[in-house]
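A.B. asks: I'm passing along entry_31.txt; it holds compact mmCIF, C-alpha atoms.
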```txt
# COMPACT_ATOMS: atom_id res chain seq x y z
CA MET A 677 0.00 0.00 0.00
CA SER A 678 2.91 2.35 0.65
CA SER A 679 4.01 1.88 -2.95
CA ALA A 680 0.47 2.65 -4.08
CA LEU A 681 0.81 6.04 -2.42
CA THR A 682 4.33 6.88 -3.52
CA ASP A 683 3.73 5.61 -7.06
CA LEU A 684 1.36 8.55 -7.54
CA PHE A 685 4.20 11.10 -7.38
CA PRO A 686 7.99 10.74 -7.74
CA LEU A 687 9.01 12.78 -4.69
CA PRO A 688 7.74 12.22 -1.11
CA ILE A 689 6.53 15.83 -0.96
CA VAL A 690 2.86 16.76 -0.52
CA GLN A 691 1.61 20.34 -0.65
CA ALA A 692 -0.90 20.78 2.16
CA PRO A 693 -4.42 21.85 1.19
CA MET A 694 -4.79 25.31 2.72
CA ALA A 695 -8.36 26.60 2.68
CA GLY A 696 -9.30 30.24 2.38
CA GLY A 697 -7.89 30.86 -1.08
CA VAL A 698 -4.25 29.77 -0.56
CA SER A 699 -4.23 26.42 -2.36
CA VAL A 700 -5.17 27.70 -5.80
CA PRO A 701 -4.91 25.60 -9.01
CA ALA A 702 -1.68 27.31 -10.07
CA LEU A 703 0.02 26.25 -6.84
CA ALA A 704 -1.19 22.66 -6.97
CA ALA A 705 -0.21 22.35 -10.64
CA ALA A 706 3.29 23.70 -10.04
CA VAL A 707 3.91 21.24 -7.19
CA SER A 708 2.60 18.26 -9.15
CA GLU A 709 4.58 19.24 -12.25
CA ALA A 710 7.74 19.39 -10.13
CA GLY A 711 7.24 15.84 -8.86
CA GLY A 712 5.31 16.37 -5.63
CA LEU A 713 1.58 16.03 -4.97
CA GLY A 714 -0.36 19.28 -5.29
CA PHE A 715 -3.64 19.74 -3.43
CA LEU A 716 -6.76 21.84 -3.81
CA ALA A 717 -8.68 22.87 -0.69
CA ALA A 718 -12.45 22.50 -1.07
CA GLY A 719 -13.11 23.91 2.40
CA TYR A 720 -15.36 27.00 2.44
CA LYS A 721 -16.16 26.58 -1.26
CA THR A 722 -19.37 25.49 -2.94
CA ALA A 723 -19.45 22.17 -4.77
CA ASP A 724 -19.48 24.03 -8.07
CA GLY A 725 -16.60 26.24 -6.97
CA MET A 726 -14.60 23.11 -6.18
CA TYR A 727 -15.51 21.57 -9.54
CA GLN A 728 -14.42 24.68 -11.43
CA GLU A 729 -11.04 24.64 -9.68
CA ILE A 730 -10.59 20.95 -10.52
CA LYS A 731 -11.31 21.73 -14.19
CA GLN A 732 -8.82 24.58 -14.10
CA LEU A 733 -6.16 22.40 -12.48
CA ARG A 734 -6.65 19.66 -15.05
CA GLY A 735 -6.04 22.25 -17.73
CA LEU A 736 -2.68 23.08 -16.12
CA THR A 737 -1.30 19.60 -15.47
CA GLY A 738 -1.83 15.96 -16.32
CA CYS A 739 -0.06 14.88 -13.14
CA PRO A 740 -1.88 13.41 -10.12
CA PHE A 741 -3.30 15.83 -7.56
CA GLY A 742 -5.57 15.80 -4.54
CA VAL A 743 -8.68 17.52 -3.19
CA ASN A 744 -9.35 18.04 0.51
CA LEU A 745 -12.80 18.00 2.16
CA PHE A 746 -13.89 19.19 5.59
CA MET A 747 -16.08 16.73 7.47
CA PRO A 748 -19.51 18.01 8.60
CA GLN A 749 -19.43 19.22 12.19
CA PRO A 750 -21.61 17.88 15.02
CA GLU A 751 -23.97 20.24 16.76
CA TYR A 752 -21.99 20.28 19.99
CA PRO A 753 -18.25 20.60 20.64
CA GLY A 754 -16.74 17.38 21.89
CA ALA A 755 -19.04 15.21 19.78
CA SER A 756 -17.36 13.05 17.18
CA THR A 757 -17.66 13.28 13.41
CA GLY A 758 -17.91 10.47 10.93
CA SER A 759 -17.54 6.87 12.05
CA THR A 760 -15.53 7.25 15.25
CA GLY A 761 -18.46 6.83 17.60
CA ALA A 762 -20.79 9.09 19.53
CA ALA A 763 -19.84 11.37 22.36
CA ALA A 764 -21.95 12.86 25.08
CA ALA A 765 -23.57 16.10 24.00
CA ALA A 766 -22.19 19.27 25.51
CA PRO A 767 -24.42 22.18 26.51
CA PRO A 768 -25.62 24.40 23.66
CA VAL A 769 -23.03 26.96 22.66
CA SER A 770 -25.41 29.66 21.42
CA ALA A 771 -25.08 31.72 24.60
CA ALA A 772 -21.29 31.60 24.41
CA VAL A 773 -21.39 32.67 20.75
CA ASP A 774 -23.72 35.53 21.70
CA MET A 775 -21.22 36.73 24.28
CA TYR A 776 -18.37 36.50 21.80
CA ALA A 777 -20.36 38.41 19.20
CA HIS A 778 -20.91 41.16 21.76
CA GLN A 779 -17.16 41.29 22.42
CA LEU A 780 -16.46 41.55 18.67
CA ALA A 781 -18.82 44.48 18.17
CA GLY A 782 -15.91 46.89 18.57
CA GLU A 783 -13.99 45.10 15.80
CA ALA A 784 -17.00 45.41 13.49
CA GLY A 785 -17.14 49.13 14.20
CA TRP A 786 -13.41 49.55 13.63
CA TYR A 787 -13.47 47.79 10.27
CA GLU A 788 -16.82 49.34 9.32
CA THR A 789 -18.48 46.02 8.60
CA GLU A 790 -21.11 43.72 10.06
CA LEU A 791 -20.46 40.47 11.86
CA GLY A 792 -21.21 37.38 9.79
CA ASP A 793 -24.18 35.04 10.03
CA ARG A 794 -23.19 32.40 12.55
CA ASP A 795 -25.85 30.05 11.16
CA SER A 796 -24.42 29.85 7.64
CA GLY A 797 -24.15 26.06 7.77
CA ARG A 798 -22.30 23.21 9.46
CA ASP A 799 -21.70 20.69 6.67
CA ASP A 800 -19.64 22.78 4.20
CA GLY A 801 -21.58 21.24 1.30
CA TYR A 802 -20.05 17.85 2.10
CA ASP A 803 -22.59 15.60 0.34
CA ALA A 804 -22.66 17.75 -2.80
CA LYS A 805 -18.86 17.77 -2.99
CA LEU A 806 -18.71 14.00 -2.54
CA ALA A 807 -21.20 13.59 -5.37
CA VAL A 808 -18.98 15.68 -7.67
CA LEU A 809 -15.90 13.68 -6.72
CA LEU A 810 -17.67 10.39 -7.38
CA ASP A 811 -19.02 11.57 -10.75
CA ASN A 812 -15.68 13.12 -11.73
CA PRO A 813 -13.02 11.13 -9.83
CA VAL A 814 -9.69 12.72 -8.92
CA PRO A 815 -6.52 10.79 -8.03
CA VAL A 816 -6.51 11.60 -4.30
CA VAL A 817 -9.07 12.87 -1.75
CA SER A 818 -8.22 13.73 1.86
CA PHE A 819 -10.47 14.51 4.81
CA HIS A 820 -10.06 16.88 7.78
CA PHE A 821 -11.96 17.17 11.10
CA GLY A 822 -13.11 13.55 11.30
CA VAL A 823 -13.40 10.16 9.64
CA PRO A 824 -15.74 9.49 6.71
CA LYS A 825 -18.08 6.53 6.88
CA PRO A 826 -16.57 3.29 5.53
CA GLU A 827 -19.03 3.25 2.64
CA VAL A 828 -17.82 6.69 1.53
CA LEU A 829 -14.20 5.55 1.48
CA GLU A 830 -15.17 2.36 -0.35
CA SER A 831 -17.13 4.34 -2.96
CA LEU A 832 -14.10 6.52 -3.62
CA ARG A 833 -11.88 3.47 -3.86
CA ARG A 834 -14.18 1.91 -6.45
CA ALA A 835 -13.95 5.19 -8.38
CA GLY A 836 -10.16 4.83 -8.44
CA THR A 837 -9.45 7.49 -5.81
CA PHE A 838 -6.76 7.10 -3.14
CA THR A 839 -8.02 8.32 0.26
CA LEU A 840 -6.23 9.95 3.20
CA VAL A 841 -7.63 11.12 6.54
CA THR A 842 -5.96 13.41 9.08
CA ALA A 843 -5.27 12.15 12.61
CA THR A 844 -3.63 13.91 15.55
CA THR A 845 -3.23 10.89 17.86
CA ALA A 846 -2.51 7.18 17.47
CA GLU A 847 -6.09 6.46 18.54
CA GLU A 848 -7.45 8.65 15.77
CA ALA A 849 -5.11 6.96 13.29
CA LEU A 850 -6.52 3.57 14.32
CA ALA A 851 -10.04 4.87 13.64
CA VAL A 852 -8.85 6.01 10.21
CA GLU A 853 -7.47 2.56 9.43
CA ARG A 854 -10.58 0.77 10.68
CA ALA A 855 -12.80 2.95 8.49
CA GLY A 856 -10.88 1.78 5.44
CA ALA A 857 -8.81 4.80 4.39
CA ASP A 858 -5.78 4.07 2.23
CA ALA A 859 -3.41 6.21 4.32
CA VAL A 860 -3.34 8.52 7.32
CA ILE A 861 -1.99 12.05 7.63
CA ALA A 862 -0.28 12.27 11.02
CA GLN A 863 -0.57 15.95 11.95
CA GLY A 864 1.75 17.14 14.70
CA VAL A 865 0.94 20.04 16.98
CA GLU A 866 3.54 22.17 15.12
CA ALA A 867 1.26 22.42 12.07
CA GLY A 868 -0.12 25.74 10.92
CA GLY A 869 -3.84 26.22 10.44
CA HIS A 870 -6.54 24.02 11.94
CA GLN A 871 -5.72 20.92 13.93
CA GLY A 872 -7.57 18.03 12.32
CA THR A 873 -8.80 16.50 15.56
CA HIS A 874 -11.78 14.17 15.22
CA ARG A 875 -13.40 15.70 18.29
CA ASP A 876 -13.17 19.34 19.28
CA ASN A 877 -12.58 18.85 22.99
CA PRO A 878 -11.77 22.10 24.86
CA GLU A 879 -10.22 20.05 27.68
CA THR A 880 -7.36 18.99 25.39
CA ASP A 881 -6.49 22.46 24.04
CA GLY A 882 -2.73 22.89 23.76
CA SER A 883 -1.97 19.24 24.54
CA GLY A 884 -1.12 18.10 21.02
CA ILE A 885 1.70 15.70 20.18
CA GLY A 886 4.92 16.71 18.42
CA LEU A 887 5.31 15.30 14.91
CA LEU A 888 8.22 12.89 15.37
CA SER A 889 6.64 11.37 18.48
CA LEU A 890 3.30 11.15 16.71
CA VAL A 891 4.73 9.44 13.62
CA ALA A 892 6.47 6.86 15.80
CA GLN A 893 3.28 6.18 17.77
CA VAL A 894 1.14 5.93 14.65
CA ARG A 895 3.69 3.65 12.96
CA GLU A 896 3.40 1.22 15.87
CA THR A 897 -0.41 1.40 15.81
CA VAL A 898 -1.48 1.09 12.17
CA GLY A 899 -0.31 -0.71 9.05
CA ILE A 900 -1.40 1.85 6.47
CA PRO A 901 1.02 4.43 5.02
CA ILE A 902 1.67 7.64 6.92
CA VAL A 903 2.00 11.16 5.54
CA ALA A 904 3.72 13.32 8.17
CA ALA A 905 2.56 16.93 8.60
CA GLY A 906 3.52 19.71 10.99
CA GLY A 907 6.22 22.37 10.91
CA ILE A 908 8.26 20.82 8.07
CA MET A 909 10.25 23.44 6.15
CA ARG A 910 13.46 21.72 5.03
CA GLY A 911 14.48 18.58 3.18
CA SER A 912 16.39 17.39 6.23
CA GLN A 913 13.13 17.37 8.17
CA ILE A 914 11.51 15.33 5.41
CA ALA A 915 14.38 12.85 5.79
CA ALA A 916 13.72 12.70 9.53
CA VAL A 917 10.01 11.84 9.22
CA LEU A 918 10.75 9.29 6.50
CA ALA A 919 13.31 7.66 8.80
CA ALA A 920 10.67 7.65 11.55
CA GLY A 921 8.32 5.62 9.37
CA ALA A 922 6.40 8.05 7.17
CA SER A 923 6.02 7.45 3.42
CA ALA A 924 5.84 11.16 2.57
CA ALA A 925 5.82 14.61 4.16
CA GLN A 926 3.11 17.25 3.85
CA LEU A 927 4.17 20.92 3.91
CA GLY A 928 1.84 23.89 4.20
CA THR A 929 3.59 27.00 5.49
CA ALA A 930 6.59 26.35 3.24
CA PHE A 931 4.31 26.56 0.17
CA LEU A 932 2.25 29.45 1.56
CA ALA A 933 5.18 31.76 0.88
CA THR A 934 5.66 30.70 -2.77
CA ALA A 935 4.89 32.87 -5.76
CA GLU A 936 1.90 30.75 -6.86
CA SER A 937 0.26 30.70 -3.44
CA GLY A 938 -3.05 32.54 -3.19
CA ALA A 939 -2.14 34.00 0.20
CA SER A 940 -2.14 37.77 0.44
CA ALA A 941 1.14 39.68 0.26
CA VAL A 942 0.57 40.77 3.87
CA HIS A 943 0.28 37.15 5.01
CA LYS A 944 3.38 36.07 3.07
CA GLN A 945 5.46 38.95 4.42
CA ALA A 946 4.32 38.30 7.98
CA LEU A 947 5.91 34.84 7.98
CA THR A 948 9.40 36.32 8.24
CA ASN A 949 8.53 39.74 9.66
CA PRO A 950 10.46 40.23 12.95
CA LEU A 951 7.26 41.72 14.40
CA PHE A 952 5.73 38.24 14.54
CA THR A 953 7.99 36.15 16.71
CA ARG A 954 5.84 33.15 17.58
CA THR A 955 2.73 31.14 16.87
CA GLU A 956 -0.07 29.87 19.08
CA LEU A 957 -3.11 27.65 18.82
CA THR A 958 -6.21 29.80 19.04
CA ARG A 959 -9.99 29.65 18.69
CA ALA A 960 -10.22 33.40 18.11
CA PHE A 961 -10.99 33.29 14.39
CA SER A 962 -12.94 30.06 13.91
CA GLY A 963 -13.92 28.49 17.21
CA ARG A 964 -11.62 25.50 16.57
CA PRO A 965 -7.94 25.27 17.54
CA ALA A 966 -5.75 26.60 14.72
CA ARG A 967 -2.12 27.70 14.76
CA GLY A 968 -1.25 31.18 13.55
CA LEU A 969 1.10 34.09 14.09
CA VAL A 970 0.28 35.87 17.33
CA ASN A 971 -1.21 39.28 16.52
CA ARG A 972 -3.48 41.79 18.21
CA PHE A 973 -6.73 40.02 17.38
CA MET A 974 -5.45 36.71 18.74
CA ARG A 975 -4.14 38.29 21.96
CA GLU A 976 -7.31 40.28 22.65
CA HIS A 977 -9.94 37.70 21.71
CA GLY A 978 -8.31 34.28 21.86
CA PRO A 979 -8.81 33.79 25.62
CA TYR A 980 -12.55 34.41 25.26
CA ALA A 981 -13.38 32.57 22.03
CA PRO A 982 -15.81 29.68 22.58
CA ALA A 983 -15.48 26.15 21.23
CA ALA A 984 -18.00 26.80 18.48
CA TYR A 985 -16.90 25.84 14.98
CA PRO A 986 -18.03 26.82 12.40
CA GLU A 987 -20.22 29.46 14.08
CA VAL A 988 -17.24 31.58 15.09
CA HIS A 989 -15.69 31.12 11.64
CA HIS A 990 -18.84 32.52 10.03
CA LEU A 991 -19.08 35.27 12.66
CA THR A 992 -15.56 36.59 12.06
CA ALA A 993 -15.43 36.10 8.28
CA PRO A 994 -16.32 39.74 7.43
CA LEU A 995 -13.80 41.01 9.99
CA ARG A 996 -10.99 38.93 8.50
CA LYS A 997 -11.94 39.99 4.99
CA ALA A 998 -12.02 43.66 5.94
CA ALA A 999 -8.66 43.43 7.72
CA ALA A 1000 -7.10 41.76 4.67
CA LYS A 1001 -8.55 44.42 2.38
CA ALA A 1002 -7.07 47.12 4.61
CA GLY A 1003 -3.71 45.34 4.71
CA ASP A 1004 -3.97 45.10 8.48
CA ALA A 1005 -2.00 42.06 9.61
CA GLN A 1006 -3.11 42.64 13.20
CA GLY A 1007 -6.69 41.70 12.37
CA MET A 1008 -6.07 38.81 9.99
CA ALA A 1009 -5.91 35.06 10.60
CA LEU A 1010 -2.22 34.60 9.81
CA TRP A 1011 -2.15 30.81 9.80
CA ALA A 1012 1.41 29.49 10.06
CA GLY A 1013 3.32 26.54 11.45
CA GLN A 1014 6.08 26.74 14.02
CA GLY A 1015 8.76 26.80 11.32
CA HIS A 1016 7.40 29.96 9.66
CA ARG A 1017 10.64 31.93 10.05
CA MET A 1018 12.26 29.42 7.67
CA ALA A 1019 9.94 30.33 4.78
CA ARG A 1020 11.65 30.97 1.44
CA GLU A 1021 10.51 33.25 -1.36
CA LEU A 1022 10.66 30.84 -4.30
CA THR A 1023 8.32 29.55 -6.94
CA ALA A 1024 6.58 26.33 -5.94
CA GLY A 1025 8.57 24.37 -8.51
CA GLN A 1026 11.85 25.77 -7.23
CA LEU A 1027 10.88 24.94 -3.66
CA VAL A 1028 10.16 21.32 -4.57
CA GLU A 1029 13.55 21.10 -6.31
CA VAL A 1030 15.38 22.60 -3.32
CA LEU A 1031 13.56 20.31 -0.88
CA ALA A 1032 14.40 17.28 -3.02
CA ALA A 1033 18.07 18.27 -3.11
CA GLU A 1034 18.12 18.80 0.66
CA LEU A 1035 16.43 15.45 1.18
CA ALA A 1036 18.98 13.69 -1.01
CA ALA A 1037 21.85 15.39 0.84
CA ALA A 1038 20.42 14.38 4.22
CA ARG A 1039 20.00 10.78 3.10
CA THR A 1040 23.56 10.71 1.77
CA ALA A 1041 24.92 12.09 5.04
CA LEU A 1042 22.94 9.51 7.00
CA SER A 1043 24.18 6.69 4.78
CA GLU A 1044 27.81 7.82 5.01
CA GLY A 1045 27.50 8.11 8.76
CA ARG A 1046 26.24 4.54 9.02
CA GLU A 1047 28.97 3.24 6.77
CA GLY A 1048 31.55 5.04 8.89
CA GLY A 1049 30.21 3.37 12.01
CA ALA A 1050 28.73 6.49 13.59
CA LEU A 1051 26.38 9.29 12.78
CA ARG A 1052 28.20 12.53 12.09
```
Re-express the file's structure as structure tokens.

C.D. replies:
Amino acid sequence: MSSALTDLFPLPIVQAPMAGGVSVPALAAAVSEAGGLGFLAAGYKTADGMYQEIKQLRGLTGCPFGVNLFMPQPEYPGASTGSTGAAAAAPPVSAAVDMYAHQLAGEAGWYETELGDRDSGRDDGYDAKLAVLLDNPVPVVSFHFGVPKPEVLESLRRAGTFTLVTATTAEEALAVERAGADAVIAQGVEAGGHQGTHRDNPETDGSGIGLLSLVAQVRETVGIPIVAAGGIMRGSQIAAVLAAGASAAQLGTAFLATAESGASAVHKQALTNPLFTRTELTRAFSGRPARGLVNRFMREHGPYAPAAYPEVHHLTAPLRKAAAKAGDAQGMALWAGQGHRMARELTAGQLVEVLAAELAAARTALSEGREGGALR
């Protein structure tokens, strides 16, 4: 099965699907053309919007690529999604969202906009997107925020699609394997953007597992291939996760800074701006834990944001859009992994080439060290 994954693309380099307009067709095409696996992010798009991007990407490359879907969210935080079993319902979050909306009123006034409609939907058009992907199969489909039902994964397999599902613990990885996915994405706590936990449990905030430890635990738990994700910015780090048992590495922040990325210039510049010295996991922008550069909005609102995804995401959407339009990095969701200061201003194709060269050099050094009787 590992060969089935790596046969899809020559290099063990996967471009992470970054929702919100970052993972555009031009980026995915450039990565796939260079020998990696490019990804489109269907999150926050309509089914037709996703289909149009797939058509555009197919016009740019004949190489394999992937599409990422967000799993529908349960009504209460802490409940599970997909096939991982039911959890006890938590109290309704509407009152907490009301309080947060009241706190954000000043932001709405500052940016001269209205708060968004918190009730804009919980399923992200999941069923409609699945229907498109079954009618028009793509090489790879991945899932975030939960585990699809076994029949969904089997339907995609029959359509010729390779499936991956994100996990943040060994237990989640086991649920992924049992559901019938072809591979698991082991996402370490270093990763930028949303943590792909199967349950949004406020009691576990900030207790994520580092990538190398997670890959080792997952490798001892499941037999399916592993794609390692979280803070990877250099080829030497790819070599490390491959040595730990992964079949490939998934990089997001590294590709966010590339020329083809759909991220705003403000977001790209912030990655290496000395003003932004660290990242944190926050619920401030979406109601679910996501790692980003610490800015004013995160500091002022993060401690009070409720566990209410996607209500908070919908609520803050106009604020984030207005801040981006104004070029105000202090009000934007500057998603980034812990390695953000290592971002390089290259084209996506150049970055894949550099990463491949660094990977080869790291492997050579490791091999020479073994032959010499010690690691250098």

A.B. asks: Show me, as JSON lines, the residues of stretch 768-795 of chain A having an atom within 8 Å of stretch 972-989 of chain A, each with the closest atom pair and its distance in Å, using only C-alpha atoms.

C.D. replies:
```
{"residue": "A:Val769", "atom": "CA", "partner": "A:Ala984", "partner_atom": "CA", "distance": 6.5}
{"residue": "A:Ala772", "atom": "CA", "partner": "A:Pro982", "partner_atom": "CA", "distance": 6.1}
{"residue": "A:Val773", "atom": "CA", "partner": "A:Pro982", "partner_atom": "CA", "distance": 6.6}
{"residue": "A:Tyr776", "atom": "CA", "partner": "A:Ala981", "partner_atom": "CA", "distance": 6.4}
{"residue": "A:Asp793", "atom": "CA", "partner": "A:Glu987", "partner_atom": "CA", "distance": 8.0}
{"residue": "A:Arg794", "atom": "CA", "partner": "A:Glu987", "partner_atom": "CA", "distance": 4.5}
{"residue": "A:Asp795", "atom": "CA", "partner": "A:Glu987", "partner_atom": "CA", "distance": 6.4}
```

A.B. asks: Restricting it to C-alpha atoms, dump the selection as a PDB file, keeping the file's coordinate frame.

C.D. replies:
```pdb
ATOM      1  CA  VAL A 769     -23.030  26.960  22.660  1.00  0.00           C
ATOM      2  CA  ALA A 772     -21.290  31.600  24.410  1.00  0.00           C
ATOM      3  CA  VAL A 773     -21.390  32.670  20.750  1.00  0.00           C
ATOM      4  CA  TYR A 776     -18.370  36.500  21.800  1.00  0.00           C
ATOM      5  CA  ASP A 793     -24.180  35.040  10.030  1.00  0.00           C
ATOM      6  CA  ARG A 794     -23.190  32.400  12.550  1.00  0.00           C
ATOM      7  CA  ASP A 795     -25.850  30.050  11.160  1.00  0.00           C
TER       8      ASP A 795
END
```

A.B. asks: One decimal, in Å: what's the spacing between atom CA of A:Phe685 and atom CA of A:Val698?

C.D. replies: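 Going from atom CA of A:Phe685 over to atom CA of A:Val698, I get 21.6 Å.
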
A.B. asks: Up to 12 Å from (-17.4, 4.5, 2.3) in the file's coordinates: name the residues, counting all atoms listed in the file, as a list in words.

C.D. replies: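 Checking each residue against the 12 Å limit leaves Gly758, Ser759, Leu806, Leu810, Val823, Pro824, Lys825, Pro826, Glu827, Val828, Leu829, Glu830, Ser831, Leu832, Arg833, Arg834, Ala835, Thr837, Thr839, Val852, Arg854, Ala855, Gly856, Ala857 and Asp858 of chain A.
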
A.B. asks: Need to verify the contact set: A:Ser923, 12 Å, only C-alpha atoms, exclusion of same-chain residues closer than 2 positions in sequence. Can you return it as a count of residues only?

C.D. replies: 37

A.B. asks: For A:Ser818, work out the shell of residues within 6 Å, counting all atoms listed in the file and skipping chain neighbours fewer than 6 positions away, then give it as a list in words.

C.D. replies: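 Within the cut-off, the hits are Asn744, Thr839, Leu840 and Val841 of chain A.
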
A.B. asks: I need the residue nearest A:Arg996 from this list: A:Gly792, A:Pro878, A:Gly738, A:Pro815. Use all atoms listed in the file for the distance.

C.D. replies: A:Gly792

A.B. asks: Which value, in Å to one decimal, gives the distance between atom CA of A:Gly938 and atom CA of A:Thr992?

C.D. replies: 20.1 Å

A.B. asks: Near A:Leu791, within 7 Å and counting all atoms listed in the file, which residues show up once chain neighbours fewer than 3 positions away are dropped, as a short mmCIF file (atom, residue, chain, number, x, y, z; two decimals) with C-alpha atoms, in the coordinates of the input?

C.D. replies:
```
data_model
loop_
_atom_site.label_atom_id
_atom_site.label_comp_id
_atom_site.auth_asym_id
_atom_site.auth_seq_id
_atom_site.Cartn_x
_atom_site.Cartn_y
_atom_site.Cartn_z
CA ALA A 784 -17.00 45.41 13.49
CA LEU A 991 -19.08 35.27 12.66
CA THR A 992 -15.56 36.59 12.06
CA PRO A 994 -16.32 39.74 7.43
CA LEU A 995 -13.80 41.01 9.99
#
```

A.B. asks: Excluding stretch 1011-1026 of chain A and its own-chain neighbours fewer than 5 positions away, which residues fall within 9 Å of it when counting all atoms listed in the file? Please give them as an NGL selection string.

C.D. replies: :A and (703-704 or 706-711 or 865-870 or 906-910 or 928-937 or 943-944 or 947-950 or 953-956 or 966-969 or 1031)

A.B. asks: In Å, with one decimal, what is the gap from atom CA of A:Pro965 to atom CA of A:Leu887?

C.D. replies: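 Rounded to one decimal, the two atoms are 16.8 Å apart.
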
A.B. asks: Which residue out of A:Leu957, A:Gln945, A:Met726, A:Ala892 has the minimum interatomic distance to A:Asp1004 when all atoms listed in the file are used?

C.D. replies: A:Gln945

A.B. asks: Rank nothing, just name the residue among A:Leu888, A:Ala692, A:Ala723, A:Ala941 nearest to A:Asp799, using only C-alpha atoms.

C.D. replies: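 Ranking A:Leu888, A:Ala692, A:Ala723, A:Ala941 by distance to A:Asp799, first place goes to A:Ala723.
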
A.B. asks: Taking into account only C-alpha atoms, which residue in the set A:Thr880, A:Asn812, A:Ser699, A:Gln893 is nearest to A:Ala843?

C.D. replies: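 Smallest distance to A:Ala843 is found for A:Gln893.
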
A.B. asks: Using all atoms listed in the file, find the one residue out of A:Glu879, A:Asp774, A:Glu848, A:Glu788 that sits nearest to A:Thr897.

C.D. replies: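 Nearest to A:Thr897: A:Glu848.
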
A.B. asks: Given all atoms listed in the file as the basis, pick out the residue of A:Ala702, A:Leu1010, A:Val816, A:Leu927 nearest to A:Ala960.

C.D. replies: A:Leu1010

A.B. asks: Missing atoms in stretch 900-911 of chain A: fill them in up to N, CA and C atoms and send the result as a CSV table (one decimal), keeping the file's coordinate frame.

C.D. replies:
```csv
chain,number,residue,atom,x,y,z
A,900,ILE,N,-1.3,1.1,7.7
A,900,ILE,CA,-1.4,1.8,6.5
A,900,ILE,C,-0.3,2.9,6.4
A,901,PRO,N,0.0,3.4,5.2
A,901,PRO,CA,1.0,4.4,5.0
A,901,PRO,C,0.7,5.7,5.8
A,902,ILE,N,1.8,6.4,6.2
A,902,ILE,CA,1.7,7.6,6.9
A,902,ILE,C,2.2,8.8,6.1
A,903,VAL,N,1.5,9.9,6.1
A,903,VAL,CA,2.0,11.2,5.5
A,903,VAL,C,2.2,12.1,6.8
A,904,ALA,N,3.4,12.5,7.0
A,904,ALA,CA,3.7,13.3,8.2
A,904,ALA,C,3.5,14.8,7.9
A,905,ALA,N,2.8,15.5,8.8
A,905,ALA,CA,2.6,16.9,8.6
A,905,ALA,C,2.8,17.7,9.9
A,906,GLY,N,3.4,18.9,9.8
A,906,GLY,CA,3.5,19.7,11.0
A,906,GLY,C,4.9,20.4,11.1
A,907,GLY,N,5.0,21.6,10.7
A,907,GLY,CA,6.2,22.4,10.9
A,907,GLY,C,7.4,22.0,10.0
A,908,ILE,N,7.2,21.2,8.9
A,908,ILE,CA,8.3,20.8,8.1
A,908,ILE,C,8.6,21.9,7.1
A,909,MET,N,9.8,22.4,7.0
A,909,MET,CA,10.2,23.4,6.2
A,909,MET,C,11.5,23.1,5.3
A,910,ARG,N,12.2,22.1,5.7
A,910,ARG,CA,13.5,21.7,5.0
A,910,ARG,C,13.5,20.2,4.6
A,911,GLY,N,14.3,20.0,3.6
A,911,GLY,CA,14.5,18.6,3.2
A,911,GLY,C,15.0,17.7,4.3
```
